[in-house]
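See below for final_36.pdb, which holds PDB, C-alpha atoms.
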```pdb
ATOM      1  CA  MET A   1      35.107  61.136 -70.528
ATOM      2  CA  ASN A   2      35.256  64.907 -70.301
ATOM      3  CA  PHE A   3      37.853  67.078 -72.037
ATOM      4  CA  GLU A   4      39.974  67.573 -68.910
ATOM      5  CA  ASP A   5      40.127  63.838 -68.174
ATOM      6  CA  ILE A   6      41.155  63.103 -71.755
ATOM      7  CA  LYS A   7      43.952  65.665 -71.533
ATOM      8  CA  THR A   8      45.129  64.184 -68.218
ATOM      9  CA  VAL A   9      45.222  60.683 -69.673
ATOM     10  CA  GLN A  10      47.006  61.873 -72.818
ATOM     11  CA  LYS A  11      49.645  63.592 -70.682
ATOM     12  CA  LEU A  12      50.171  60.467 -68.557
ATOM     13  CA  LEU A  13      50.492  58.275 -71.651
ATOM     14  CA  SER A  14      52.799  60.715 -73.448
ATOM     15  CA  GLN A  15      55.725  59.162 -71.587
ATOM     16  CA  PRO A  16      56.659  55.528 -70.935
ATOM     17  CA  GLN A  17      54.733  54.040 -68.019
ATOM     18  CA  LYS A  18      54.781  50.765 -66.155
ATOM     19  CA  ILE A  19      51.053  50.110 -66.002
ATOM     20  CA  VAL A  20      49.100  47.592 -63.946
ATOM     21  CA  ILE A  21      45.429  46.997 -64.774
ATOM     22  CA  VAL A  22      43.304  45.556 -61.972
ATOM     23  CA  PRO A  23      39.855  43.892 -62.204
ATOM     24  CA  HIS A  24      37.660  43.117 -59.204
ATOM     25  CA  LYS A  25      37.843  39.934 -57.137
ATOM     26  CA  ASN A  26      36.201  36.921 -58.808
ATOM     27  CA  PRO A  27      36.442  38.599 -62.220
ATOM     28  CA  ASP A  28      33.647  37.977 -64.710
ATOM     29  CA  GLY A  29      33.487  38.397 -68.482
ATOM     30  CA  ASP A  30      33.287  42.184 -68.348
ATOM     31  CA  ALA A  31      36.187  42.458 -65.899
ATOM     32  CA  ILE A  32      38.486  40.128 -67.861
ATOM     33  CA  GLY A  33      37.401  41.420 -71.265
ATOM     34  CA  SER A  34      37.900  45.070 -70.316
ATOM     35  CA  THR A  35      41.265  44.626 -68.595
ATOM     36  CA  LEU A  36      42.736  42.510 -71.384
ATOM     37  CA  GLY A  37      41.274  44.715 -74.115
ATOM     38  CA  LEU A  38      42.805  47.783 -72.469
ATOM     39  CA  CYS A  39      46.088  45.947 -71.879
ATOM     40  CA  HIS A  40      46.424  45.082 -75.582
ATOM     41  CA  PHE A  41      45.670  48.695 -76.525
ATOM     42  CA  LEU A  42      48.152  50.247 -74.091
ATOM     43  CA  ASN A  43      50.903  47.871 -75.162
ATOM     44  CA  SER A  44      50.232  48.824 -78.788
ATOM     45  CA  LEU A  45      51.061  52.407 -77.781
ATOM     46  CA  GLY A  46      54.496  51.273 -76.595
ATOM     47  CA  GLN A  47      53.552  51.200 -72.920
ATOM     48  CA  SER A  48      54.439  48.337 -70.583
ATOM     49  CA  ALA A  49      51.084  47.062 -69.319
ATOM     50  CA  ALA A  50      50.057  43.939 -67.419
ATOM     51  CA  VAL A  51      46.874  42.655 -65.786
ATOM     52  CA  VAL A  52      47.021  41.637 -62.116
ATOM     53  CA  ALA A  53      43.814  39.977 -60.906
ATOM     54  CA  PRO A  54      42.978  39.407 -57.220
ATOM     55  CA  ASN A  55      42.238  35.721 -57.870
ATOM     56  CA  ASP A  56      41.420  33.240 -60.605
ATOM     57  CA  PHE A  57      38.648  33.529 -63.182
ATOM     58  CA  PRO A  58      36.367  30.929 -64.807
ATOM     59  CA  LYS A  59      37.625  28.418 -67.357
ATOM     60  CA  PHE A  60      35.094  29.576 -69.967
ATOM     61  CA  LEU A  61      37.002  32.895 -70.156
ATOM     62  CA  LYS A  62      40.498  31.441 -70.516
ATOM     63  CA  TRP A  63      40.403  31.434 -74.312
ATOM     64  CA  ILE A  64      40.287  35.260 -74.387
ATOM     65  CA  PRO A  65      43.380  36.711 -76.125
ATOM     66  CA  GLY A  66      46.039  37.459 -73.513
ATOM     67  CA  SER A  67      44.319  35.561 -70.694
ATOM     68  CA  GLU A  68      47.361  33.327 -70.221
ATOM     69  CA  GLY A  69      49.340  36.403 -69.169
ATOM     70  CA  VAL A  70      47.031  37.499 -66.352
ATOM     71  CA  ILE A  71      48.939  37.480 -63.054
ATOM     72  CA  ASN A  72      46.947  35.906 -60.226
ATOM     73  CA  PHE A  73      47.660  37.825 -56.980
ATOM     74  CA  GLU A  74      46.471  34.868 -54.911
ATOM     75  CA  LYS A  75      48.649  32.243 -56.619
ATOM     76  CA  GLN A  76      51.504  34.359 -58.039
ATOM     77  CA  ASN A  77      51.840  36.650 -55.065
ATOM     78  CA  ILE A  78      55.532  37.556 -55.348
ATOM     79  CA  GLN A  79      55.307  38.355 -59.066
ATOM     80  CA  ALA A  80      52.079  40.303 -58.558
ATOM     81  CA  LYS A  81      53.546  42.409 -55.740
ATOM     82  CA  GLU A  82      56.629  43.157 -57.832
ATOM     83  CA  LYS A  83      54.456  44.413 -60.677
ATOM     84  CA  LEU A  84      52.376  46.585 -58.368
ATOM     85  CA  ASN A  85      55.361  48.041 -56.525
ATOM     86  CA  GLU A  86      57.089  48.871 -59.823
ATOM     87  CA  ALA A  87      53.982  50.444 -61.341
ATOM     88  CA  SER A  88      53.914  54.123 -62.265
ATOM     89  CA  LEU A  89      50.213  54.084 -63.231
ATOM     90  CA  ILE A  90      47.275  51.932 -62.091
ATOM     91  CA  PHE A  91      44.006  51.324 -63.918
ATOM     92  CA  THR A  92      41.100  49.832 -61.958
ATOM     93  CA  LEU A  93      38.348  48.417 -64.153
ATOM     94  CA  ASP A  94      34.793  47.238 -63.474
ATOM     95  CA  PHE A  95      34.798  48.276 -59.812
ATOM     96  CA  ASN A  96      34.786  51.602 -57.979
ATOM     97  CA  HIS A  97      35.734  50.759 -54.386
ATOM     98  CA  LEU A  98      39.154  49.350 -53.524
ATOM     99  CA  GLY A  99      37.519  46.847 -51.184
ATOM    100  CA  ARG A 100      36.344  45.023 -54.322
ATOM    101  CA  ALA A 101      39.973  44.140 -55.018
ATOM    102  CA  GLY A 102      39.921  41.699 -52.092
ATOM    103  CA  GLN A 103      43.297  40.961 -50.542
ATOM    104  CA  MET A 104      44.953  43.427 -52.946
ATOM    105  CA  GLU A 105      43.242  46.368 -51.235
ATOM    106  CA  PRO A 106      45.900  47.089 -48.539
ATOM    107  CA  LEU A 107      48.728  47.149 -51.075
ATOM    108  CA  LEU A 108      46.795  49.267 -53.575
ATOM    109  CA  LYS A 109      46.168  51.847 -50.848
ATOM    110  CA  THR A 110      49.922  52.214 -50.229
ATOM    111  CA  LEU A 111      50.818  52.963 -53.859
ATOM    112  CA  ASP A 112      51.701  56.614 -54.415
ATOM    113  CA  VAL A 113      50.958  56.678 -58.153
ATOM    114  CA  PRO A 114      48.043  57.983 -60.230
ATOM    115  CA  PHE A 115      44.966  55.767 -60.506
ATOM    116  CA  ILE A 116      42.526  55.776 -63.426
ATOM    117  CA  MET A 117      39.077  54.278 -62.776
ATOM    118  CA  ILE A 118      36.840  53.007 -65.571
ATOM    119  CA  ASP A 119      33.569  51.667 -64.178
ATOM    120  CA  HIS A 120      29.782  51.653 -64.542
ATOM    121  CA  HIS A 121      28.605  50.841 -60.993
ATOM    122  CA  GLN A 122      26.867  53.196 -58.602
ATOM    123  CA  SER A 123      28.403  55.209 -55.714
ATOM    124  CA  PRO A 124      32.094  55.418 -56.726
ATOM    125  CA  GLU A 125      34.768  55.913 -54.106
ATOM    126  CA  ASP A 126      36.999  58.957 -54.640
ATOM    127  CA  TYR A 127      40.457  57.389 -55.011
ATOM    128  CA  ALA A 128      41.400  58.003 -58.650
ATOM    129  CA  ALA A 129      43.063  60.929 -60.417
ATOM    130  CA  VAL A 130      40.768  60.223 -63.362
ATOM    131  CA  MET A 131      37.302  58.804 -62.725
ATOM    132  CA  TYR A 132      35.501  57.685 -65.854
ATOM    133  CA  SER A 133      32.302  56.599 -64.124
ATOM    134  CA  ASP A 134      28.989  56.215 -65.958
ATOM    135  CA  VAL A 135      26.145  54.102 -64.559
ATOM    136  CA  THR A 136      24.216  54.349 -67.841
ATOM    137  CA  MET A 137      26.792  52.238 -69.670
ATOM    138  CA  SER A 138      26.006  48.601 -70.453
ATOM    139  CA  SER A 139      29.440  47.413 -69.394
ATOM    140  CA  THR A 140      32.979  48.458 -68.614
ATOM    141  CA  CYS A 141      33.986  47.008 -71.992
ATOM    142  CA  GLU A 142      31.726  49.540 -73.726
ATOM    143  CA  MET A 143      33.468  52.230 -71.677
ATOM    144  CA  VAL A 144      36.929  50.948 -72.646
ATOM    145  CA  TYR A 145      35.852  51.183 -76.296
ATOM    146  CA  ASN A 146      34.841  54.812 -75.672
ATOM    147  CA  PHE A 147      38.111  55.405 -73.810
ATOM    148  CA  ILE A 148      40.114  54.132 -76.776
ATOM    149  CA  MET A 149      38.102  56.218 -79.233
ATOM    150  CA  SER A 150      38.530  59.352 -77.084
ATOM    151  CA  LEU A 151      42.289  58.901 -77.512
ATOM    152  CA  ASP A 152      41.829  58.601 -81.296
ATOM    153  CA  GLY A 153      42.779  54.944 -81.019
ATOM    154  CA  GLY A 154      40.119  53.445 -83.258
ATOM    155  CA  GLN A 155      42.689  52.293 -85.813
ATOM    156  CA  ALA A 156      44.537  50.443 -83.045
ATOM    157  CA  ILE A 157      41.587  48.142 -82.272
ATOM    158  CA  THR A 158      42.820  44.750 -83.439
ATOM    159  CA  ALA A 159      40.869  41.501 -83.647
ATOM    160  CA  ASP A 160      42.265  40.559 -80.217
ATOM    161  CA  ILE A 161      40.995  43.792 -78.655
ATOM    162  CA  ALA A 162      37.663  43.418 -80.437
ATOM    163  CA  ASN A 163      37.214  39.866 -79.123
ATOM    164  CA  CYS A 164      37.996  40.993 -75.576
ATOM    165  CA  LEU A 165      35.556  43.903 -75.631
ATOM    166  CA  TYR A 166      32.772  42.010 -77.388
ATOM    167  CA  THR A 167      32.971  39.296 -74.713
ATOM    168  CA  GLY A 168      32.467  41.738 -71.862
ATOM    169  CA  ILE A 169      29.629  43.607 -73.558
ATOM    170  CA  MET A 170      27.868  40.357 -74.432
ATOM    171  CA  THR A 171      28.121  38.857 -70.948
ATOM    172  CA  ASP A 172      27.223  42.018 -69.027
ATOM    173  CA  THR A 173      24.162  42.691 -71.178
ATOM    174  CA  GLY A 174      22.817  39.138 -70.890
ATOM    175  CA  SER A 175      23.488  38.635 -74.617
ATOM    176  CA  PHE A 176      22.103  42.119 -75.331
ATOM    177  CA  LYS A 177      18.724  41.658 -73.605
ATOM    178  CA  TYR A 178      19.142  43.893 -70.533
ATOM    179  CA  ALA A 179      17.714  47.410 -70.452
ATOM    180  CA  SER A 180      21.245  48.875 -70.378
ATOM    181  CA  THR A 181      21.682  47.743 -74.002
ATOM    182  CA  THR A 182      21.253  50.821 -76.187
ATOM    183  CA  ALA A 183      21.432  51.615 -79.880
ATOM    184  CA  LYS A 184      24.957  52.871 -79.211
ATOM    185  CA  THR A 185      25.840  49.500 -77.656
ATOM    186  CA  HIS A 186      24.785  47.742 -80.849
ATOM    187  CA  GLN A 187      26.714  50.262 -82.962
ATOM    188  CA  ILE A 188      29.845  49.543 -80.928
ATOM    189  CA  VAL A 189      29.312  45.785 -81.218
ATOM    190  CA  ALA A 190      28.879  46.122 -84.985
ATOM    191  CA  ASP A 191      32.168  48.012 -85.185
ATOM    192  CA  LEU A 192      33.903  45.359 -83.078
ATOM    193  CA  ILE A 193      32.660  42.639 -85.428
ATOM    194  CA  GLU A 194      33.966  44.637 -88.387
ATOM    195  CA  LYS A 195      37.316  44.894 -86.598
ATOM    196  CA  GLY A 196      37.530  41.121 -86.153
ATOM    197  CA  ALA A 197      35.397  40.032 -83.175
ATOM    198  CA  ASP A 198      34.233  36.483 -83.910
ATOM    199  CA  ASN A 199      30.773  36.687 -82.351
ATOM    200  CA  THR A 200      29.823  33.080 -83.096
ATOM    201  CA  LYS A 201      33.021  31.717 -81.546
ATOM    202  CA  ILE A 202      32.653  33.986 -78.507
ATOM    203  CA  HIS A 203      29.108  32.791 -77.789
ATOM    204  CA  THR A 204      30.226  29.173 -78.186
ATOM    205  CA  GLN A 205      33.255  29.554 -75.906
ATOM    206  CA  VAL A 206      31.280  31.293 -73.160
ATOM    207  CA  PHE A 207      28.018  29.353 -73.226
ATOM    208  CA  ASP A 208      28.626  26.003 -74.926
ATOM    209  CA  THR A 209      31.699  24.590 -73.203
ATOM    210  CA  ASN A 210      30.029  23.401 -70.001
ATOM    211  CA  ALA A 211      31.574  20.691 -67.862
ATOM    212  CA  PRO A 212      29.192  18.056 -66.426
ATOM    213  CA  SER A 213      29.673  19.659 -62.993
ATOM    214  CA  ARG A 214      28.142  22.904 -64.248
ATOM    215  CA  LEU A 215      24.982  21.172 -65.483
ATOM    216  CA  HIS A 216      24.681  19.009 -62.364
ATOM    217  CA  ILE A 217      24.938  22.111 -60.166
ATOM    218  CA  LEU A 218      22.373  23.883 -62.345
ATOM    219  CA  GLY A 219      19.997  20.944 -61.883
ATOM    220  CA  CYS A 220      20.517  21.016 -58.115
ATOM    221  CA  ALA A 221      19.970  24.786 -58.020
ATOM    222  CA  LEU A 222      16.713  24.598 -59.963
ATOM    223  CA  LYS A 223      15.496  21.800 -57.711
ATOM    224  CA  ASN A 224      16.224  24.034 -54.708
ATOM    225  CA  MET A 225      14.376  27.055 -56.126
ATOM    226  CA  VAL A 226      11.684  28.533 -53.873
ATOM    227  CA  ILE A 227       8.975  30.683 -55.457
ATOM    228  CA  LEU A 228       7.249  33.367 -53.405
ATOM    229  CA  ASP A 229       4.334  34.109 -55.719
ATOM    230  CA  ALA A 230       2.822  36.702 -53.398
ATOM    231  CA  TYR A 231       6.012  38.791 -53.589
ATOM    232  CA  ALA A 232       6.953  38.089 -57.230
ATOM    233  CA  THR A 233      10.201  36.651 -55.887
ATOM    234  CA  ALA A 234      12.200  33.481 -56.437
ATOM    235  CA  TYR A 235      15.336  32.393 -54.603
ATOM    236  CA  ILE A 236      17.839  29.555 -54.916
ATOM    237  CA  THR A 237      20.179  28.064 -52.318
ATOM    238  CA  LEU A 238      23.358  26.069 -52.876
ATOM    239  CA  SER A 239      25.149  24.667 -49.833
ATOM    240  CA  GLN A 240      28.856  23.918 -49.688
ATOM    241  CA  GLU A 241      27.961  20.243 -49.377
ATOM    242  CA  GLU A 242      26.000  20.393 -52.636
ATOM    243  CA  LEU A 243      28.818  22.216 -54.419
ATOM    244  CA  ASN A 244      31.293  19.587 -53.237
ATOM    245  CA  GLN A 245      28.969  16.758 -54.243
ATOM    246  CA  TYR A 246      28.912  17.970 -57.846
ATOM    247  CA  ASP A 247      32.636  18.840 -58.052
ATOM    248  CA  TYR A 248      32.183  22.621 -58.216
ATOM    249  CA  LYS A 249      34.659  24.628 -60.295
ATOM    250  CA  LYS A 250      34.966  28.423 -60.412
ATOM    251  CA  GLY A 251      32.339  29.791 -62.771
ATOM    252  CA  ASP A 252      29.915  26.868 -62.444
ATOM    253  CA  THR A 253      27.286  29.038 -60.723
ATOM    254  CA  GLU A 254      27.655  31.981 -63.128
ATOM    255  CA  GLY A 255      24.273  33.137 -64.426
ATOM    256  CA  ILE A 256      22.136  30.650 -62.498
ATOM    257  CA  VAL A 257      20.406  33.455 -60.594
ATOM    258  CA  ASN A 258      18.875  34.669 -63.861
ATOM    259  CA  TYR A 259      16.708  31.571 -64.171
ATOM    260  CA  GLY A 260      14.390  32.992 -61.512
ATOM    261  CA  LEU A 261      13.527  35.913 -63.767
ATOM    262  CA  THR A 262      12.446  33.552 -66.556
ATOM    263  CA  LEU A 263       9.395  32.597 -64.476
ATOM    264  CA  GLU A 264       6.167  34.342 -65.409
ATOM    265  CA  GLY A 265       5.233  36.980 -62.858
ATOM    266  CA  ILE A 266       8.657  36.981 -61.107
ATOM    267  CA  ASN A 267      10.661  40.224 -61.091
ATOM    268  CA  PHE A 268      13.085  39.591 -58.202
ATOM    269  CA  ALA A 269      15.519  36.662 -58.222
ATOM    270  CA  VAL A 270      18.248  35.764 -55.730
ATOM    271  CA  ILE A 271      20.826  33.011 -55.285
ATOM    272  CA  PHE A 272      22.535  32.191 -51.984
ATOM    273  CA  ILE A 273      25.812  30.255 -52.297
ATOM    274  CA  GLU A 274      27.618  28.963 -49.223
ATOM    275  CA  ASN A 275      31.393  29.448 -49.077
ATOM    276  CA  LYS A 276      32.800  27.619 -46.070
ATOM    277  CA  GLU A 277      36.380  28.732 -46.788
ATOM    278  CA  GLU A 278      35.471  32.422 -46.525
ATOM    279  CA  GLY A 279      32.812  31.800 -43.882
ATOM    280  CA  ILE A 280      30.125  33.661 -45.807
ATOM    281  CA  ILE A 281      27.017  33.206 -47.885
ATOM    282  CA  LYS A 282      27.660  34.861 -51.246
ATOM    283  CA  ILE A 283      24.503  36.434 -52.692
ATOM    284  CA  SER A 284      23.567  37.586 -56.188
ATOM    285  CA  PHE A 285      20.454  39.675 -56.842
ATOM    286  CA  ARG A 286      18.636  40.301 -60.123
ATOM    287  CA  SER A 287      15.446  42.206 -60.894
ATOM    288  CA  SER A 288      13.424  43.496 -63.781
ATOM    289  CA  GLY A 289      11.491  46.728 -63.780
ATOM    290  CA  ASP A 290      11.708  49.386 -61.079
ATOM    291  CA  PHE A 291      12.772  47.324 -58.065
ATOM    292  CA  SER A 292      16.358  48.340 -57.166
ATOM    293  CA  VAL A 293      18.433  45.379 -56.064
ATOM    294  CA  ASN A 294      21.350  47.775 -55.630
ATOM    295  CA  GLU A 295      19.452  49.529 -52.848
ATOM    296  CA  PHE A 296      18.281  46.212 -51.376
ATOM    297  CA  ALA A 297      21.830  44.779 -51.349
ATOM    298  CA  ARG A 298      23.338  47.935 -49.852
ATOM    299  CA  THR A 299      20.700  48.175 -47.133
ATOM    300  CA  TYR A 300      20.638  44.564 -45.985
ATOM    301  CA  PHE A 301      23.618  42.570 -47.288
ATOM    302  CA  GLU A 302      26.748  44.788 -47.371
ATOM    303  CA  GLY A 303      26.669  44.887 -51.150
ATOM    304  CA  GLY A 304      25.626  46.900 -54.145
ATOM    305  CA  GLY A 305      25.955  47.143 -57.883
ATOM    306  CA  HIS A 306      23.362  48.200 -60.442
ATOM    307  CA  LYS A 307      19.648  48.874 -60.224
ATOM    308  CA  ASN A 308      18.807  45.455 -61.697
ATOM    309  CA  ALA A 309      21.947  43.453 -60.846
ATOM    310  CA  ALA A 310      23.838  43.478 -57.573
ATOM    311  CA  GLY A 311      25.765  41.330 -55.130
ATOM    312  CA  GLY A 312      26.142  41.004 -51.395
ATOM    313  CA  LYS A 313      27.106  38.664 -48.569
ATOM    314  CA  SER A 314      25.983  37.338 -45.227
ATOM    315  CA  ASP A 315      28.101  36.232 -42.278
ATOM    316  CA  PHE A 316      25.238  34.173 -40.867
ATOM    317  CA  SER A 317      24.362  30.552 -41.574
ATOM    318  CA  MET A 318      22.316  29.706 -44.631
ATOM    319  CA  GLU A 319      19.222  29.137 -42.483
ATOM    320  CA  GLU A 320      19.590  32.446 -40.643
ATOM    321  CA  THR A 321      20.383  34.283 -43.881
ATOM    322  CA  ILE A 322      17.213  33.000 -45.537
ATOM    323  CA  THR A 323      15.130  33.898 -42.466
ATOM    324  CA  ARG A 324      16.482  37.443 -42.558
ATOM    325  CA  PHE A 325      16.001  37.668 -46.314
ATOM    326  CA  LEU A 326      12.346  36.684 -46.034
ATOM    327  CA  ASP A 327      11.819  39.341 -43.376
ATOM    328  CA  TYR A 328      13.448  41.970 -45.619
ATOM    329  CA  VAL A 329      11.337  40.918 -48.607
ATOM    330  CA  LYS A 330       8.159  41.291 -46.582
ATOM    331  CA  ALA A 331       9.330  44.693 -45.345
ATOM    332  CA  THR A 332      10.217  46.087 -48.767
ATOM    333  CA  ARG A 333       7.860  44.452 -51.267
ATOM    334  CA  LYS A 334       4.103  44.783 -51.252
ATOM    335  CA  PRO A 335       2.319  41.439 -51.558
ATOM    336  CA  LEU A 336       0.337  40.923 -54.726
ATOM    337  CA  VAL A 337      -3.404  40.675 -54.352
ATOM    338  CA  LYS A 338      -4.710  37.977 -56.627
ATOM    339  CA  ASN A 339      -8.275  37.755 -57.865
ATOM    340  CA  VAL A 340     -10.063  34.656 -56.627
TER     341      VAL A 340
END
```
Now that the file is in, can you turn its structure into structure tokens?
Amino acid sequence: MNFEDIKTVQKLLSQPQKIVIVPHKNPDGDAIGSTLGLCHFLNSLGQSAAVVAPNDFPKFLKWIPGSEGVINFEKQNIQAKEKLNEASLIFTLDFNHLGRAGQMEPLLKTLDVPFIMIDHHQSPEDYAAVMYSDVTMSSTCEMVYNFIMSLDGGQAITADIANCLYTGIMTDTGSFKYASTTAKTHQIVADLIEKGADNTKIHTQVFDTNAPSRLHILGCALKNMVILDAYATAYITLSQEELNQYDYKKGDTEGIVNYGLTLEGINFAVIFIENKEEGIIKISFRSSGDFSVNEFARTYFEGGGHKNAAGGKSDFSMEETITRFLDYVKATRKPLVKNV
């Protein structure tokens, strides 16, 4: 954050505020960790802060301190609207376009109060009075840590805040293996552990509490994987019928796309997940190296994100979506020439 933004935030927080903190639709570990970590911090300052999420989040995140207090806009609509309409200040975390708030978008656009954005994705929309946007950051949780420190709030970081922020950094860095993980990231994580983050418990809660449905869906996904050796690409499909067969729960498909990148010689991995209720194919893209999945998602699938991790969607059938995808791959990626 620059000096002017810090002064603006300090002025806003110098008086009592009714604050609502909003993550993106289908919130992940970084979205939930950052919003709850910030919520704990703001409440410690004597502010009145609450998290209102567009919809539910996975079970493996519901141990996070304060998660029981998250207001679900989809299921607690009246309470959520009351909070938003009473708000004097809005924080939006881990997204930079109000469309990512799903069905909350129309209401957010009517609110005549200051917005503060904290986010690390590309191409931010200009809707906030303060825009703390940095695509070099590993995660929004790392940015919330910096935000707290810029307000001289280091002493206010409790074990609860540390657990929240560690969770988001860990999940958004692929357990610290992605290129966005820097020496500074590790320094922040070390400080969070010193302040009470239980790293062993966090890893166990996030990765080692699988339901049988999660493993059955993973097995189905891996069986469905298609490898395009000539284009260093692998993709996975999961139909609604398959999800229903294995009793899908929210979060069961989290991270499956990354398995494609574990294959030798593959640097582009994609998963296509059918959602009959929304009438779309939800798509996640991952890459390693120089291939920008952000650009690919924005160009072809109404999406975006980071250079090596992005999302998108298709309004076509699974079959038509895959046909189009294969055409786009052939148009954008040079085939490998293998020695015979």
What does the PyMOL selection byres ((chain A and resi 172) around 10) select in this file, as an NGL selection string?
-> :A and (28-31 or 138-142 or 167-171 or 173-178 or 180-181 or 309)
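Contact shell of Val113 in chain A at 8 Å (only C-alpha atoms; same-chain neighbours under 4 positions omitted): A:Ala87, A:Ser88, A:Leu89, A:Ile90.
Between CA of His40 in chain A and CA of Asp160 in chain A the separation is 7.7 Å.
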Can you tell me how far CA of Pro114 in chain A sits from CA of Asn72 in chain A, in Å to one decimal?
-> 22.1 Å
Expansion of the PyMOL selection byres ((chain A and resi 188) around 10) into residues, as a PDB file with C-alpha atoms, in the coordinates of the input:
```
ATOM      1  CA  GLU A 142      31.726  49.540 -73.726  1.00  0.00           C
ATOM      2  CA  TYR A 145      35.852  51.183 -76.296  1.00  0.00           C
ATOM      3  CA  ASN A 146      34.841  54.812 -75.672  1.00  0.00           C
ATOM      4  CA  ALA A 162      37.663  43.418 -80.437  1.00  0.00           C
ATOM      5  CA  LEU A 165      35.556  43.903 -75.631  1.00  0.00           C
ATOM      6  CA  TYR A 166      32.772  42.010 -77.388  1.00  0.00           C
ATOM      7  CA  ILE A 169      29.629  43.607 -73.558  1.00  0.00           C
ATOM      8  CA  THR A 182      21.253  50.821 -76.187  1.00  0.00           C
ATOM      9  CA  ALA A 183      21.432  51.615 -79.880  1.00  0.00           C
ATOM     10  CA  LYS A 184      24.957  52.871 -79.211  1.00  0.00           C
ATOM     11  CA  THR A 185      25.840  49.500 -77.656  1.00  0.00           C
ATOM     12  CA  HIS A 186      24.785  47.742 -80.849  1.00  0.00           C
ATOM     13  CA  GLN A 187      26.714  50.262 -82.962  1.00  0.00           C
ATOM     14  CA  VAL A 189      29.312  45.785 -81.218  1.00  0.00           C
ATOM     15  CA  ALA A 190      28.879  46.122 -84.985  1.00  0.00           C
ATOM     16  CA  ASP A 191      32.168  48.012 -85.185  1.00  0.00           C
ATOM     17  CA  LEU A 192      33.903  45.359 -83.078  1.00  0.00           C
ATOM     18  CA  ILE A 193      32.660  42.639 -85.428  1.00  0.00           C
ATOM     19  CA  GLU A 194      33.966  44.637 -88.387  1.00  0.00           C
TER      20      GLU A 194
END
```
Which one of A:Asn294, A:Gln122, A:Ser314, A:Thr204 sits closest to Leu61 in chain A if you count only C-alpha atoms?
-> A:Thr204
May I have the residues at most 12 Å from (28.0, 28.1, -40.0) in the file's coordinates, counting all atoms listed in the file, as an MDAnalysis selection string?
-> chainID A and resid 239:240 274:281 314:321
Might you spell out which residues the PyMOL selection byres ((chain A and resi 285) around 10) would select in the displayed file, as an NGL selection string?
-> :A and (235 or 257-258 or 268-272 or 283-284 or 286-287 or 292-294 or 296-297 or 303-312)
Just how far from CA of Tyr246 in chain A is CA of Pro212 in chain A, in Å to one decimal?
-> 8.6 Å
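Near Ala156 in chain A, within 9 Å and counting only C-alpha atoms, sit Phe41, Ser44, Leu45, Ile148 and Ile161 of chain A, not including residues fewer than 5 positions from it in the same chain.
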Please identify all polymer residues lying at most 7 Å from the point (47.6, 46.8, -68.6) (file coordinates), using all atoms listed in the file, and present the result as a PyMOL selection string.
-> chain A and resi 19-21+35+38-39+42+49-51
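Nearest-residue note for Pro124 in chain A: choosing from A:Asp94, A:Leu108, A:Met149, A:His216, the minimum distance belongs to A:Asp94, counting all atoms listed in the file.
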Might you pull out every residue within 9 Å of Leu13 in chain A, with all atoms listed in the file counted and same-chain residues fewer than 3 positions away left off, and present them as an MDAnalysis selection string?
-> chainID A and resid 8:10 16:17 42 45 47
Which residue, A:Leu326, A:Asn2, A:Pro65, A:Ala128, has the smallest gap to Gly37 in chain A when you use only C-alpha atoms?
-> A:Pro65
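If you count only C-alpha atoms and ignore residues fewer than 6 places along the chain from Leu228 in chain A, what sits within 12 Å of it is Ala234, Tyr235, Ile236, Gly260, Leu263, Gly265, Ile266, Asn267, Phe268, Ala269, Val270, Leu326, Val329, Lys330, Arg333, Pro335 and Leu336 of chain A.
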